[in-house]
$ cat upload.cif   # mmCIF, C-alpha atoms
data_upload
#
loop_
_atom_site.group_PDB
_atom_site.id
_atom_site.type_symbol
_atom_site.label_atom_id
_atom_site.label_comp_id
_atom_site.auth_asym_id
_atom_site.auth_seq_id
_atom_site.Cartn_x
_atom_site.Cartn_y
_atom_site.Cartn_z
ATOM 1 C CA MET A 1040 116.780 115.054 117.837
ATOM 2 C CA ASN A 1041 118.860 112.365 119.559
ATOM 3 C CA ILE A 1042 120.437 110.045 117.000
ATOM 4 C CA SER A 1043 122.555 107.024 117.840
ATOM 5 C CA VAL A 1044 124.708 105.557 115.100
ATOM 6 C CA VAL A 1045 125.147 101.777 115.320
ATOM 7 C CA ILE A 1046 128.008 99.983 113.542
ATOM 8 C CA PRO A 1047 128.165 96.174 113.619
ATOM 9 C CA CYS A 1048 131.808 95.231 113.106
ATOM 10 C CA TYR A 1049 133.284 91.872 112.210
ATOM 11 C CA ASN A 1050 136.864 92.001 110.933
ATOM 12 C CA GLY A 1051 136.400 95.570 109.776
ATOM 13 C CA GLN A 1052 139.924 96.877 110.307
ATOM 14 C CA LYS A 1053 140.232 98.000 106.661
ATOM 15 C CA PHE A 1054 137.127 100.174 106.847
ATOM 16 C CA LEU A 1055 136.653 101.418 110.415
ATOM 17 C CA LYS A 1056 138.526 104.709 110.202
ATOM 18 C CA GLU A 1057 136.777 105.749 106.990
ATOM 19 C CA ALA A 1058 133.371 104.827 108.438
ATOM 20 C CA ILE A 1059 133.960 106.866 111.605
ATOM 21 C CA THR A 1060 135.271 109.807 109.572
ATOM 22 C CA SER A 1061 132.086 109.838 107.474
ATOM 23 C CA ILE A 1062 130.074 110.059 110.716
ATOM 24 C CA ASN A 1063 132.239 112.811 112.167
ATOM 25 C CA ASN A 1064 131.848 114.812 108.942
ATOM 26 C CA GLN A 1065 128.054 114.938 109.206
ATOM 27 C CA THR A 1066 126.567 118.436 109.214
ATOM 28 C CA LEU A 1067 124.203 117.210 111.936
ATOM 29 C CA GLN A 1068 126.155 115.506 114.685
ATOM 30 C CA ALA A 1069 124.965 112.244 116.195
ATOM 31 C CA LYS A 1070 124.619 111.868 119.952
ATOM 32 C CA GLU A 1071 126.856 108.797 120.055
ATOM 33 C CA ILE A 1072 128.413 106.005 118.015
ATOM 34 C CA VAL A 1073 127.763 102.469 119.229
ATOM 35 C CA ILE A 1074 130.206 99.956 117.761
ATOM 36 C CA VAL A 1075 129.456 96.276 118.326
ATOM 37 C CA ASN A 1076 132.621 94.236 117.935
ATOM 38 C CA ASP A 1077 131.172 90.932 116.775
ATOM 39 C CA GLY A 1078 134.068 88.675 117.759
ATOM 40 C CA SER A 1079 136.522 90.190 115.263
ATOM 41 C CA LYS A 1080 139.710 88.227 114.728
ATOM 42 C CA ASP A 1081 141.680 91.068 113.144
ATOM 43 C CA ASP A 1082 142.805 94.381 114.711
ATOM 44 C CA SER A 1083 139.319 95.900 114.831
ATOM 45 C CA LEU A 1084 139.181 96.040 118.637
ATOM 46 C CA GLU A 1085 142.494 97.892 118.889
ATOM 47 C CA ILE A 1086 141.423 100.375 116.203
ATOM 48 C CA ILE A 1087 138.084 101.017 117.941
ATOM 49 C CA CYS A 1088 139.816 101.632 121.274
ATOM 50 C CA GLU A 1089 142.262 104.016 119.600
ATOM 51 C CA LEU A 1090 139.495 105.942 117.852
ATOM 52 C CA SER A 1091 137.367 106.214 120.993
ATOM 53 C CA ARG A 1092 140.144 108.034 122.898
ATOM 54 C CA HIS A 1093 140.026 111.160 120.730
ATOM 55 C CA ASN A 1094 136.856 111.016 118.632
ATOM 56 C CA PRO A 1095 134.697 114.184 118.835
ATOM 57 C CA ILE A 1096 131.536 112.047 119.035
ATOM 58 C CA PRO A 1097 131.488 109.642 121.998
ATOM 59 C CA ILE A 1098 132.098 106.023 120.981
ATOM 60 C CA LYS A 1099 130.455 103.278 123.001
ATOM 61 C CA LEU A 1100 132.119 99.907 122.495
ATOM 62 C CA VAL A 1101 130.135 96.719 123.021
ATOM 63 C CA GLY A 1102 131.763 93.327 122.545
ATOM 64 C CA GLN A 1103 130.346 89.871 121.975
ATOM 65 C CA GLU A 1104 131.417 86.506 120.667
ATOM 66 C CA ASN A 1105 130.689 86.209 116.977
ATOM 67 C CA GLY A 1106 126.916 85.981 116.700
ATOM 68 C CA GLY A 1107 126.287 87.402 113.238
ATOM 69 C CA VAL A 1108 125.144 90.744 111.928
ATOM 70 C CA SER A 1109 121.555 90.478 113.223
ATOM 71 C CA SER A 1110 122.684 89.757 116.759
ATOM 72 C CA ALA A 1111 125.214 92.603 116.599
ATOM 73 C CA ARG A 1112 122.582 95.065 115.393
ATOM 74 C CA ASN A 1113 120.168 94.055 118.138
ATOM 75 C CA ILE A 1114 122.831 94.530 120.804
ATOM 76 C CA GLY A 1115 123.683 97.904 119.301
ATOM 77 C CA VAL A 1116 120.054 99.054 119.369
ATOM 78 C CA ALA A 1117 119.697 97.872 122.978
ATOM 79 C CA ALA A 1118 122.878 99.702 124.032
ATOM 80 C CA ALA A 1119 121.968 102.952 122.262
ATOM 81 C CA SER A 1120 120.417 105.863 124.123
ATOM 82 C CA GLY A 1121 119.073 107.869 121.168
ATOM 83 C CA ASP A 1122 115.441 108.056 120.123
ATOM 84 C CA TRP A 1123 116.421 107.355 116.516
ATOM 85 C CA ILE A 1124 118.847 104.750 115.217
ATOM 86 C CA ALA A 1125 120.971 105.084 112.079
ATOM 87 C CA PHE A 1126 122.947 102.052 110.958
ATOM 88 C CA LEU A 1127 126.224 102.286 109.121
ATOM 89 C CA ASP A 1128 127.679 99.018 107.885
ATOM 90 C CA VAL A 1129 131.397 99.127 108.592
ATOM 91 C CA ASP A 1130 132.380 98.879 104.914
ATOM 92 C CA ASP A 1131 130.008 101.647 103.750
ATOM 93 C CA LEU A 1132 130.157 105.466 103.895
ATOM 94 C CA TRP A 1133 127.739 108.349 104.453
ATOM 95 C CA TYR A 1134 127.755 111.652 102.606
ATOM 96 C CA PRO A 1135 127.919 114.737 104.903
ATOM 97 C CA GLU A 1136 124.205 115.679 104.677
ATOM 98 C CA LYS A 1137 122.811 112.200 105.379
ATOM 99 C CA LEU A 1138 121.725 112.640 109.004
ATOM 100 C CA ALA A 1139 120.612 116.254 108.551
ATOM 101 C CA THR A 1140 118.447 115.385 105.538
ATOM 102 C CA GLN A 1141 116.749 112.484 107.286
ATOM 103 C CA ALA A 1142 116.253 114.469 110.506
ATOM 104 C CA LYS A 1143 114.528 117.255 108.550
ATOM 105 C CA ILE A 1144 112.226 114.731 106.868
ATOM 106 C CA ILE A 1145 111.277 113.309 110.275
ATOM 107 C CA GLU A 1146 110.589 116.752 111.739
ATOM 108 C CA GLU A 1147 108.301 117.623 108.816
ATOM 109 C CA SER A 1148 106.456 114.282 108.826
ATOM 110 C CA SER A 1149 103.562 113.025 110.926
ATOM 111 C CA LYS A 1150 103.995 111.359 114.301
ATOM 112 C CA ARG A 1151 103.380 108.007 112.581
ATOM 113 C CA ILE A 1152 106.740 108.093 110.813
ATOM 114 C CA ALA A 1153 108.690 104.954 111.717
ATOM 115 C CA LEU A 1154 111.396 104.663 109.074
ATOM 116 C CA VAL A 1155 113.239 106.986 106.705
ATOM 117 C CA CYS A 1156 115.435 105.610 103.935
ATOM 118 C CA CYS A 1157 117.639 107.483 101.495
ATOM 119 C CA ASP A 1158 118.819 106.539 98.049
ATOM 120 C CA TYR A 1159 122.453 105.448 97.798
ATOM 121 C CA HIS A 1160 125.169 104.726 95.288
ATOM 122 C CA ASN A 1161 126.524 101.276 94.554
ATOM 123 C CA ASP A 1162 130.329 101.567 94.398
ATOM 124 C CA PHE A 1163 130.459 104.697 92.222
ATOM 125 C CA GLN A 1164 129.163 108.203 92.963
ATOM 126 C CA ASP A 1165 127.278 108.877 89.760
ATOM 127 C CA GLU A 1166 123.669 108.932 88.658
ATOM 128 C CA MET A 1167 123.821 105.621 86.828
ATOM 129 C CA HIS A 1168 124.821 103.793 90.008
ATOM 130 C CA SER A 1169 122.069 105.114 92.287
ATOM 131 C CA LYS A 1170 119.874 102.338 93.691
ATOM 132 C CA TYR A 1171 116.480 104.002 93.249
ATOM 133 C CA ARG A 1172 117.203 104.986 89.653
ATOM 134 C CA GLN A 1173 117.356 101.268 88.827
ATOM 135 C CA SER A 1174 113.996 100.472 90.461
ATOM 136 C CA ALA A 1175 110.582 100.913 88.859
ATOM 137 C CA HIS A 1176 108.767 99.854 92.035
ATOM 138 C CA VAL A 1177 110.196 102.614 94.212
ATOM 139 C CA GLN A 1178 109.475 105.537 91.887
ATOM 140 C CA PRO A 1179 105.770 106.046 92.816
ATOM 141 C CA LEU A 1180 106.665 106.046 96.533
ATOM 142 C CA LEU A 1181 109.387 108.685 96.587
ATOM 143 C CA GLY A 1182 109.138 111.929 98.540
ATOM 144 C CA ARG A 1183 106.158 111.138 100.759
ATOM 145 C CA GLU A 1184 105.016 109.104 103.743
ATOM 146 C CA VAL A 1185 103.769 105.711 102.605
ATOM 147 C CA GLU A 1186 101.362 103.604 104.637
ATOM 148 C CA GLY A 1187 101.991 99.954 105.394
ATOM 149 C CA GLU A 1188 100.115 98.048 102.683
ATOM 150 C CA GLU A 1189 101.176 100.291 99.794
ATOM 151 C CA PHE A 1190 104.792 100.152 100.896
ATOM 152 C CA GLN A 1191 104.713 96.417 101.595
ATOM 153 C CA LEU A 1192 103.361 95.474 98.170
ATOM 154 C CA ALA A 1193 106.112 97.417 96.405
ATOM 155 C CA PHE A 1194 108.803 96.209 98.809
ATOM 156 C CA ILE A 1195 107.812 92.556 98.423
ATOM 157 C CA ALA A 1196 107.925 92.914 94.652
ATOM 158 C CA GLU A 1197 111.482 94.290 94.929
ATOM 159 C CA ASN A 1198 113.805 94.855 97.862
ATOM 160 C CA PHE A 1199 114.728 98.354 96.691
ATOM 161 C CA ILE A 1200 116.180 99.470 100.045
ATOM 162 C CA GLY A 1201 118.827 96.805 100.047
ATOM 163 C CA THR A 1202 121.074 98.000 102.886
ATOM 164 C CA ALA A 1203 120.793 99.050 106.525
ATOM 165 C CA THR A 1204 123.199 101.915 105.772
ATOM 166 C CA ALA A 1205 120.319 103.847 104.176
ATOM 167 C CA MET A 1206 117.983 103.620 107.180
ATOM 168 C CA MET A 1207 117.016 105.763 110.154
ATOM 169 C CA PHE A 1208 114.227 104.437 112.385
ATOM 170 C CA ARG A 1209 112.537 104.882 115.746
ATOM 171 C CA ARG A 1210 114.272 102.889 118.449
ATOM 172 C CA ASP A 1211 111.123 102.260 120.495
ATOM 173 C CA LEU A 1212 109.267 100.800 117.509
ATOM 174 C CA ALA A 1213 112.229 98.605 116.593
ATOM 175 C CA LEU A 1214 112.294 97.190 120.123
ATOM 176 C CA ARG A 1215 108.538 96.608 120.047
ATOM 177 C CA ASN A 1216 108.977 94.943 116.666
ATOM 178 C CA GLY A 1217 111.566 92.528 118.033
ATOM 179 C CA CYS A 1218 114.435 94.085 116.047
ATOM 180 C CA PHE A 1219 116.338 91.701 113.765
ATOM 181 C CA ASP A 1220 115.803 87.971 113.558
ATOM 182 C CA VAL A 1221 119.075 86.509 114.865
ATOM 183 C CA TYR A 1222 118.643 83.404 112.689
ATOM 184 C CA PHE A 1223 119.207 85.540 109.591
ATOM 185 C CA ASN A 1224 122.619 86.628 108.345
ATOM 186 C CA HIS A 1225 121.137 87.549 104.977
ATOM 187 C CA SER A 1226 117.811 89.225 104.087
ATOM 188 C CA GLU A 1227 117.681 90.361 107.713
ATOM 189 C CA ASP A 1228 117.126 93.954 106.542
ATOM 190 C CA PHE A 1229 114.188 92.909 104.362
ATOM 191 C CA ASP A 1230 112.592 90.957 107.212
ATOM 192 C CA PHE A 1231 113.092 93.790 109.719
ATOM 193 C CA ILE A 1232 111.758 96.525 107.427
ATOM 194 C CA LEU A 1233 108.723 94.478 106.388
ATOM 195 C CA ARG A 1234 107.722 93.961 110.017
ATOM 196 C CA LEU A 1235 108.558 97.537 111.063
ATOM 197 C CA SER A 1236 106.262 98.914 108.349
ATOM 198 C CA GLN A 1237 103.329 97.465 110.310
ATOM 199 C CA PHE A 1238 103.974 99.977 113.114
ATOM 200 C CA GLY A 1239 104.144 103.239 111.157
ATOM 201 C CA THR A 1240 104.774 105.003 107.868
ATOM 202 C CA VAL A 1241 107.861 104.835 105.675
ATOM 203 C CA TYR A 1242 109.484 107.769 103.865
ATOM 204 C CA LEU A 1243 111.756 107.153 100.873
ATOM 205 C CA ASP A 1244 114.031 110.032 99.919
ATOM 206 C CA ASN A 1245 115.248 110.230 96.327
ATOM 207 C CA GLU A 1246 118.564 111.875 97.238
ATOM 208 C CA PRO A 1247 121.599 109.531 97.358
ATOM 209 C CA MET A 1248 123.176 109.999 100.792
ATOM 210 C CA ALA A 1249 125.441 106.958 101.153
ATOM 211 C CA LEU A 1250 127.912 104.775 99.324
ATOM 212 C CA LYS A 1251 127.543 101.000 99.488
ATOM 213 C CA ARG A 1252 130.782 99.294 98.603
ATOM 214 C CA HIS A 1253 131.251 95.801 97.178
ATOM 215 C CA HIS A 1254 134.598 94.170 97.739
ATOM 216 C CA GLY A 1255 134.235 90.433 97.148
ATOM 217 C CA GLU A 1256 133.365 89.559 100.746
ATOM 218 C CA ASN A 1257 129.763 90.804 100.717
ATOM 219 C CA LEU A 1258 127.171 88.145 101.449
ATOM 220 C CA THR A 1259 124.782 90.105 99.233
ATOM 221 C CA ASP A 1260 126.788 89.005 96.193
ATOM 222 C CA ASP A 1261 125.738 85.358 96.684
ATOM 223 C CA LEU A 1262 122.511 85.051 94.671
ATOM 224 C CA ALA A 1263 121.712 81.513 95.821
ATOM 225 C CA LEU A 1264 121.987 82.658 99.445
ATOM 226 C CA TYR A 1265 119.879 85.719 98.666
ATOM 227 C CA TYR A 1266 116.983 83.743 97.183
ATOM 228 C CA PHE A 1267 117.127 81.049 99.859
ATOM 229 C CA SER A 1268 117.137 83.484 102.789
ATOM 230 C CA HIS A 1269 114.550 85.741 101.120
ATOM 231 C CA SER A 1270 112.150 82.821 100.678
ATOM 232 C CA THR A 1271 112.718 81.803 104.313
ATOM 233 C CA SER A 1272 111.896 85.319 105.504
ATOM 234 C CA LEU A 1273 108.729 85.430 103.413
ATOM 235 C CA LEU A 1274 107.596 82.015 104.660
ATOM 236 C CA LYS A 1275 108.122 83.076 108.264
ATOM 237 C CA ASN A 1276 106.035 86.223 107.827
ATOM 238 C CA ILE A 1277 103.285 84.338 105.990
ATOM 239 C CA ARG A 1278 102.999 81.817 108.814
ATOM 240 C CA CYS A 1279 103.159 84.469 111.533
ATOM 241 C CA SER A 1280 100.367 86.584 110.109
ATOM 242 C CA ASN A 1281 97.217 85.789 112.073
ATOM 243 C CA HIS A 1282 95.368 86.902 115.192
ATOM 244 C CA TYR A 1283 97.722 85.032 117.513
ATOM 245 C CA PHE A 1284 100.563 87.440 116.678
ATOM 246 C CA ARG A 1285 101.133 91.110 117.444
ATOM 247 C CA THR A 1286 100.584 92.185 113.840
ATOM 248 C CA SER A 1287 98.844 90.615 110.896
ATOM 249 C CA PHE A 1288 99.440 91.511 107.261
ATOM 250 C CA SER A 1289 96.443 92.097 105.006
ATOM 251 C CA LYS A 1290 95.233 89.350 102.668
ATOM 252 C CA VAL A 1291 96.534 91.152 99.583
ATOM 253 C CA VAL A 1292 99.988 91.470 101.162
ATOM 254 C CA ILE A 1293 99.993 87.797 102.181
ATOM 255 C CA ASP A 1294 99.057 86.827 98.618
ATOM 256 C CA ALA A 1295 101.954 88.942 97.334
ATOM 257 C CA MET A 1296 104.311 87.263 99.805
ATOM 258 C CA ARG A 1297 103.170 83.820 98.665
ATOM 259 C CA PHE A 1298 103.882 84.547 95.017
ATOM 260 C CA SER A 1299 107.235 86.161 95.864
ATOM 261 C CA TYR A 1300 108.067 83.094 97.951
ATOM 262 C CA ASP A 1301 107.411 80.874 94.930
ATOM 263 C CA GLU A 1302 109.558 83.070 92.703
ATOM 264 C CA CYS A 1303 112.452 83.017 95.180
ATOM 265 C CA LEU A 1304 112.342 79.208 95.384
ATOM 266 C CA ILE A 1305 112.402 78.943 91.594
ATOM 267 C CA GLN A 1306 115.304 81.367 91.358
ATOM 268 C CA TYR A 1307 117.160 79.473 94.088
ATOM 269 C CA ALA A 1308 116.733 76.216 92.157
ATOM 270 C CA ASN A 1309 117.962 78.011 89.049
ATOM 271 C CA GLN A 1310 121.081 79.254 90.844
ATOM 272 C CA MET A 1311 121.786 75.752 92.142
ATOM 273 C CA PHE A 1312 121.323 74.349 88.629
ATOM 274 C CA GLU A 1313 123.949 76.774 87.311
ATOM 275 C CA ARG A 1314 126.377 75.540 89.964
ATOM 276 C CA ASP A 1315 125.644 71.823 89.712
ATOM 277 C CA ILE A 1316 123.097 70.307 87.318
ATOM 278 C CA ARG A 1317 122.255 67.315 89.529
ATOM 279 C CA LYS A 1318 121.746 69.413 92.643
ATOM 280 C CA GLY A 1319 119.757 71.934 90.642
ATOM 281 C CA LEU A 1320 117.420 69.307 89.192
ATOM 282 C CA LYS A 1321 116.927 67.882 92.690
ATOM 283 C CA GLU A 1322 115.941 71.344 93.944
ATOM 284 C CA TYR A 1323 113.513 71.772 91.053
ATOM 285 C CA LEU A 1324 111.848 68.416 91.761
ATOM 286 C CA GLY A 1325 111.496 69.324 95.436
ATOM 287 C CA LEU A 1326 109.501 72.453 94.593
ATOM 288 C CA VAL A 1327 106.423 70.428 93.587
ATOM 289 C CA THR A 1328 105.260 70.209 97.218
ATOM 290 C CA LYS A 1329 106.455 73.682 98.294
ATOM 291 C CA LEU A 1330 104.934 76.195 95.893
ATOM 292 C CA MET A 1331 101.891 78.147 97.081
ATOM 293 C CA THR A 1332 100.327 79.861 94.064
ATOM 294 C CA LEU A 1333 98.947 78.845 90.673
ATOM 295 C CA LYS A 1334 101.026 81.540 88.986
ATOM 296 C CA GLY A 1335 104.073 80.198 90.799
ATOM 297 C CA TYR A 1336 103.393 76.695 89.471
ATOM 298 C CA ARG A 1337 103.068 78.048 85.941
ATOM 299 C CA ASN A 1338 106.391 79.835 86.185
ATOM 300 C CA TYR A 1339 107.908 76.725 87.721
ATOM 301 C CA VAL A 1340 106.798 74.520 84.795
ATOM 302 C CA VAL A 1341 108.245 76.989 82.280
ATOM 303 C CA SER A 1342 111.552 77.294 84.128
ATOM 304 C CA PHE A 1343 111.923 73.573 84.827
ATOM 305 C CA THR A 1344 111.070 72.664 81.225
ATOM 306 C CA LYS A 1345 113.806 74.985 79.976
ATOM 307 C CA LYS A 1346 116.305 73.347 82.311
ATOM 308 C CA LEU A 1347 115.295 69.846 81.166
ATOM 309 C CA ILE A 1348 115.608 70.803 77.501
ATOM 310 C CA ARG A 1349 118.985 72.360 78.194
ATOM 311 C CA THR A 1350 120.180 69.289 80.093
ATOM 312 C CA CYS A 1351 118.988 66.874 77.388
ATOM 313 C CA SER A 1352 120.521 69.005 74.622
ATOM 314 C CA PHE A 1353 123.830 69.116 76.469
ATOM 315 C CA GLY A 1354 123.718 65.312 76.824
ATOM 316 C CA LEU A 1355 123.033 64.815 73.105
ATOM 317 C CA ILE A 1356 125.922 67.096 72.152
ATOM 318 C CA LYS A 1357 128.294 65.188 74.426
ATOM 319 C CA ASN A 1358 127.130 61.847 72.944
ATOM 320 C CA ARG A 1359 127.686 63.077 69.389
ATOM 321 C CA GLU A 1360 131.145 64.344 70.272
ATOM 322 C CA HIS A 1361 131.940 60.986 71.873
ATOM 323 C CA ILE A 1362 130.697 59.037 68.825
ATOM 324 C CA GLY A 1363 132.547 61.358 66.470
#

$ encode --input "upload.cif" --output "structure tokens"
Amino acid sequence: MNISVVIPCYNGQKFLKEAITSINNQTLQAKEIVIVNDGSKDDSLEIICELSRHNPIPIKLVGQENGGVSSARNIGVAAASGDWIAFLDVDDLWYPEKLATQAKIIEESSKRIALVCCDYHNDFQDEMHSKYRQSAHVQPLLGREVEGEEFQLAFIAENFIGTATAMMFRRDLALRNGCFDVYFNHSEDFDFILRLSQFGTVYLDNEPMALKRHHGENLTDDLALYYFSHSTSLLKNIRCSNHYFRTSFSKVVIDAMRFSYDECLIQYANQMFERDIRKGLKEYLGLVTKLMTLKGYRNYVVSFTKKLIRTCSFGLIKNREHIG
């Protein structure tokens, strides 16, 4: 099996050597490592050049002006020569059996397999910090090939994959799928996986095979950004699901996307309210013309009412303190 590892790198000088070491230590060796230097302003380029001179696995360096993680991943996929692509975010690590485990799953699966994802640890290598352990939606899907609609409904309810570091997928299907949307720097994984699941089956392995590290610079830690970008991705896929496009999601999946879209907008307004009450109330008022489902409107009324009561109560307390 020919596997190309793709690493998008923007200012990754603190992590590059560890990331490459975790690839070199795999029990199943990759064919190549493609590193896309996404306009780094630190010493990443020099470190990559140094590593490529003596690394046991060939390193292919591709450079571009800073275009964001989606653009970097697309360029990496295009430059790769393997049949299967495994992403490793520059600040994450793989455990030694990651590639071998996923390759075995692929070999034992049907020809329709498009994507294999492993469980992973968040920051700490213990059972309590494994991603899948924390998810009720993923549990019924583990250890088997899952067809599009079943996978999509669970995945829309909760983005339990959460990182490209856990993935291995067919390069030809990714190219046919259009790879990553370059307008996304957040929720790009969710958007890509959702569309890719229309082209084949997905296998979710319960074994943690990677370590995702949080260090204060992760975009995934910004909840307002998460809900905003997630809702944008859902809206795009809702609008692009008809006979004029290459693929079309089923009605039940579209309905699930619509409700999830409503929930993301409400949560985004809530996050904005926590940052700035006036901006948050403005976002809440703007949702009246955006929501798509009756259940979404009900949840909106409940959430907005709570915010209004909280705002009025806060105002009364301040007035009493001023009078006193």

$ resolve_selection --input "upload.cif" --expression "the PyMOL selection byres ((chain A and resi 1134) around 9)" --output "MDAnalysis selection string"
chainID A and resid 1061:1062 1064:1065 1132:1133 1135:1138 1247:1250

$ closest_atom_pairs --input "upload.cif" --of "stretch 1259-1290 of chain A" --to "stretch 1225-1233 of chain A" --cutoff "12 Å" --atoms "all atoms listed in the file" --output "Markdown table"
| residue | atom | partner | partner_atom | distance |
| --- | --- | --- | --- | --- |
| A:Thr1259 | CA | A:His1225 | CA | 7.3 |
| A:Asp1260 | CA | A:His1225 | CA | 10.5 |
| A:Asp1261 | CA | A:His1225 | CA | 9.7 |
| A:Leu1262 | CA | A:His1225 | CA | 10.7 |
| A:Ala1263 | CA | A:His1225 | CA | 11.0 |
| A:Leu1264 | CA | A:His1225 | CA | 7.4 |
| A:Tyr1265 | CA | A:His1225 | CA | 6.7 |
| A:Tyr1266 | CA | A:Ser1226 | CA | 8.9 |
| A:Phe1267 | CA | A:His1225 | CA | 9.2 |
| A:Ser1268 | CA | A:Ser1226 | CA | 5.9 |
| A:His1269 | CA | A:Ser1226 | CA | 5.6 |
| A:Ser1270 | CA | A:Ser1226 | CA | 9.2 |
| A:Thr1271 | CA | A:Ser1226 | CA | 9.0 |
| A:Ser1272 | CA | A:Asp1230 | CA | 5.9 |
| A:Leu1273 | CA | A:Asp1230 | CA | 7.7 |
| A:Leu1274 | CA | A:Asp1230 | CA | 10.6 |
| A:Lys1275 | CA | A:Asp1230 | CA | 9.1 |
| A:Asn1276 | CA | A:Asp1230 | CA | 8.1 |
| A:Ile1277 | CA | A:Asp1230 | CA | 11.5 |
| A:Thr1286 | CA | A:Leu1233 | CA | 11.3 |
| A:Ser1287 | CA | A:Leu1233 | CA | 11.5 |
| A:Phe1288 | CA | A:Leu1233 | CA | 9.8 |

$ resolve_selection --input "upload.cif" --expression "the PyMOL selection byres ((chain A and resi 1209) around 12)" --output "VMD selection string"
chain A and resid 1040 to 1043 1116 1119 to 1126 1142 1145 1150 to 1155 1206 to 1208 1210 to 1216 1218 1232 1235 to 1236 1238 to 1241

$ atom_distance --input "upload.cif" --atom1 "atom CA of A:Ser1299" --atom2 "atom CA of A:Arg1234"
16.2 Å

$ resolve_selection --input "upload.cif" --expression "the PyMOL selection byres ((chain A and resi 1046) around 9)" --output "NGL selection string"
:A and (1044-1045 or 1047-1048 or 1058 or 1072-1076 or 1111-1112 or 1115 or 1125-1129)

$ closest_residue --input "upload.cif" --among "A:Val1341, A:Val1292, A:His1160, A:Lys1099" --to "A:Ala1193" --atoms "all atoms listed in the file"
A:Val1292

$ atom_distance --input "upload.cif" --atom1 "atom CA of A:Thr1350" --atom2 "atom CA of A:Met1311"
13.8 Å

$ closest_residue --input "upload.cif" --among "A:Ile1144, A:Leu1090, A:Ala1205, A:Met1167" --to "A:Glu1184" --atoms "all atoms listed in the file"
A:Ile1144

$ atom_distance --input "upload.cif" --atom1 "atom CA of A:Phe1194" --atom2 "atom CA of A:Val1291"
13.3 Å

$ closest_residue --input "upload.cif" --among "A:Asn1161, A:Gln1052, A:Asn1094, A:Asn1245" --to "A:Thr1204" --atoms "all atoms listed in the file"
A:Asn1161

$ residues_around --input "upload.cif" --residues "A:Phe1312" --least-positions-apart "3" --cutoff "12 Å" --atoms "all atoms listed in the file" --output "ChimeraX atom specification"
/A:1263,1305-1309,1315-1324,1342-1343,1345-1347,1349-1350

$ closest_residue --input "upload.cif" --among "A:Val1108, A:Ile1059, A:Phe1199, A:Tyr1242" --to "A:Glu1147" --atoms "all atoms listed in the file"
A:Tyr1242

$ residues_around --input "upload.cif" --residues "A:Asp1130" --least-positions-apart "5" --cutoff "8 Å" --atoms "all atoms listed in the file" --output "PyMOL selection string"
chain A and resi 1051+1054-1055+1058+1251-1252

$ write_last_selection --input "upload.cif" --atoms "C-alpha atoms" --output "short mmCIF file (atom, residue, chain, number, x, y, z; two decimals), keeping the file's coordinate frame"
data_model
loop_
_atom_site.label_atom_id
_atom_site.label_comp_id
_atom_site.auth_asym_id
_atom_site.auth_seq_id
_atom_site.Cartn_x
_atom_site.Cartn_y
_atom_site.Cartn_z
CA GLY A 1051 136.40 95.57 109.78
CA PHE A 1054 137.13 100.17 106.85
CA LEU A 1055 136.65 101.42 110.42
CA ALA A 1058 133.37 104.83 108.44
CA LYS A 1251 127.54 101.00 99.49
CA ARG A 1252 130.78 99.29 98.60
#

$ closest_residue --input "upload.cif" --among "A:Gly1106, A:Pro1179, A:Gly1325, A:Gly1335" --to "A:Phe1223" --atoms "all atoms listed in the file"
A:Gly1106
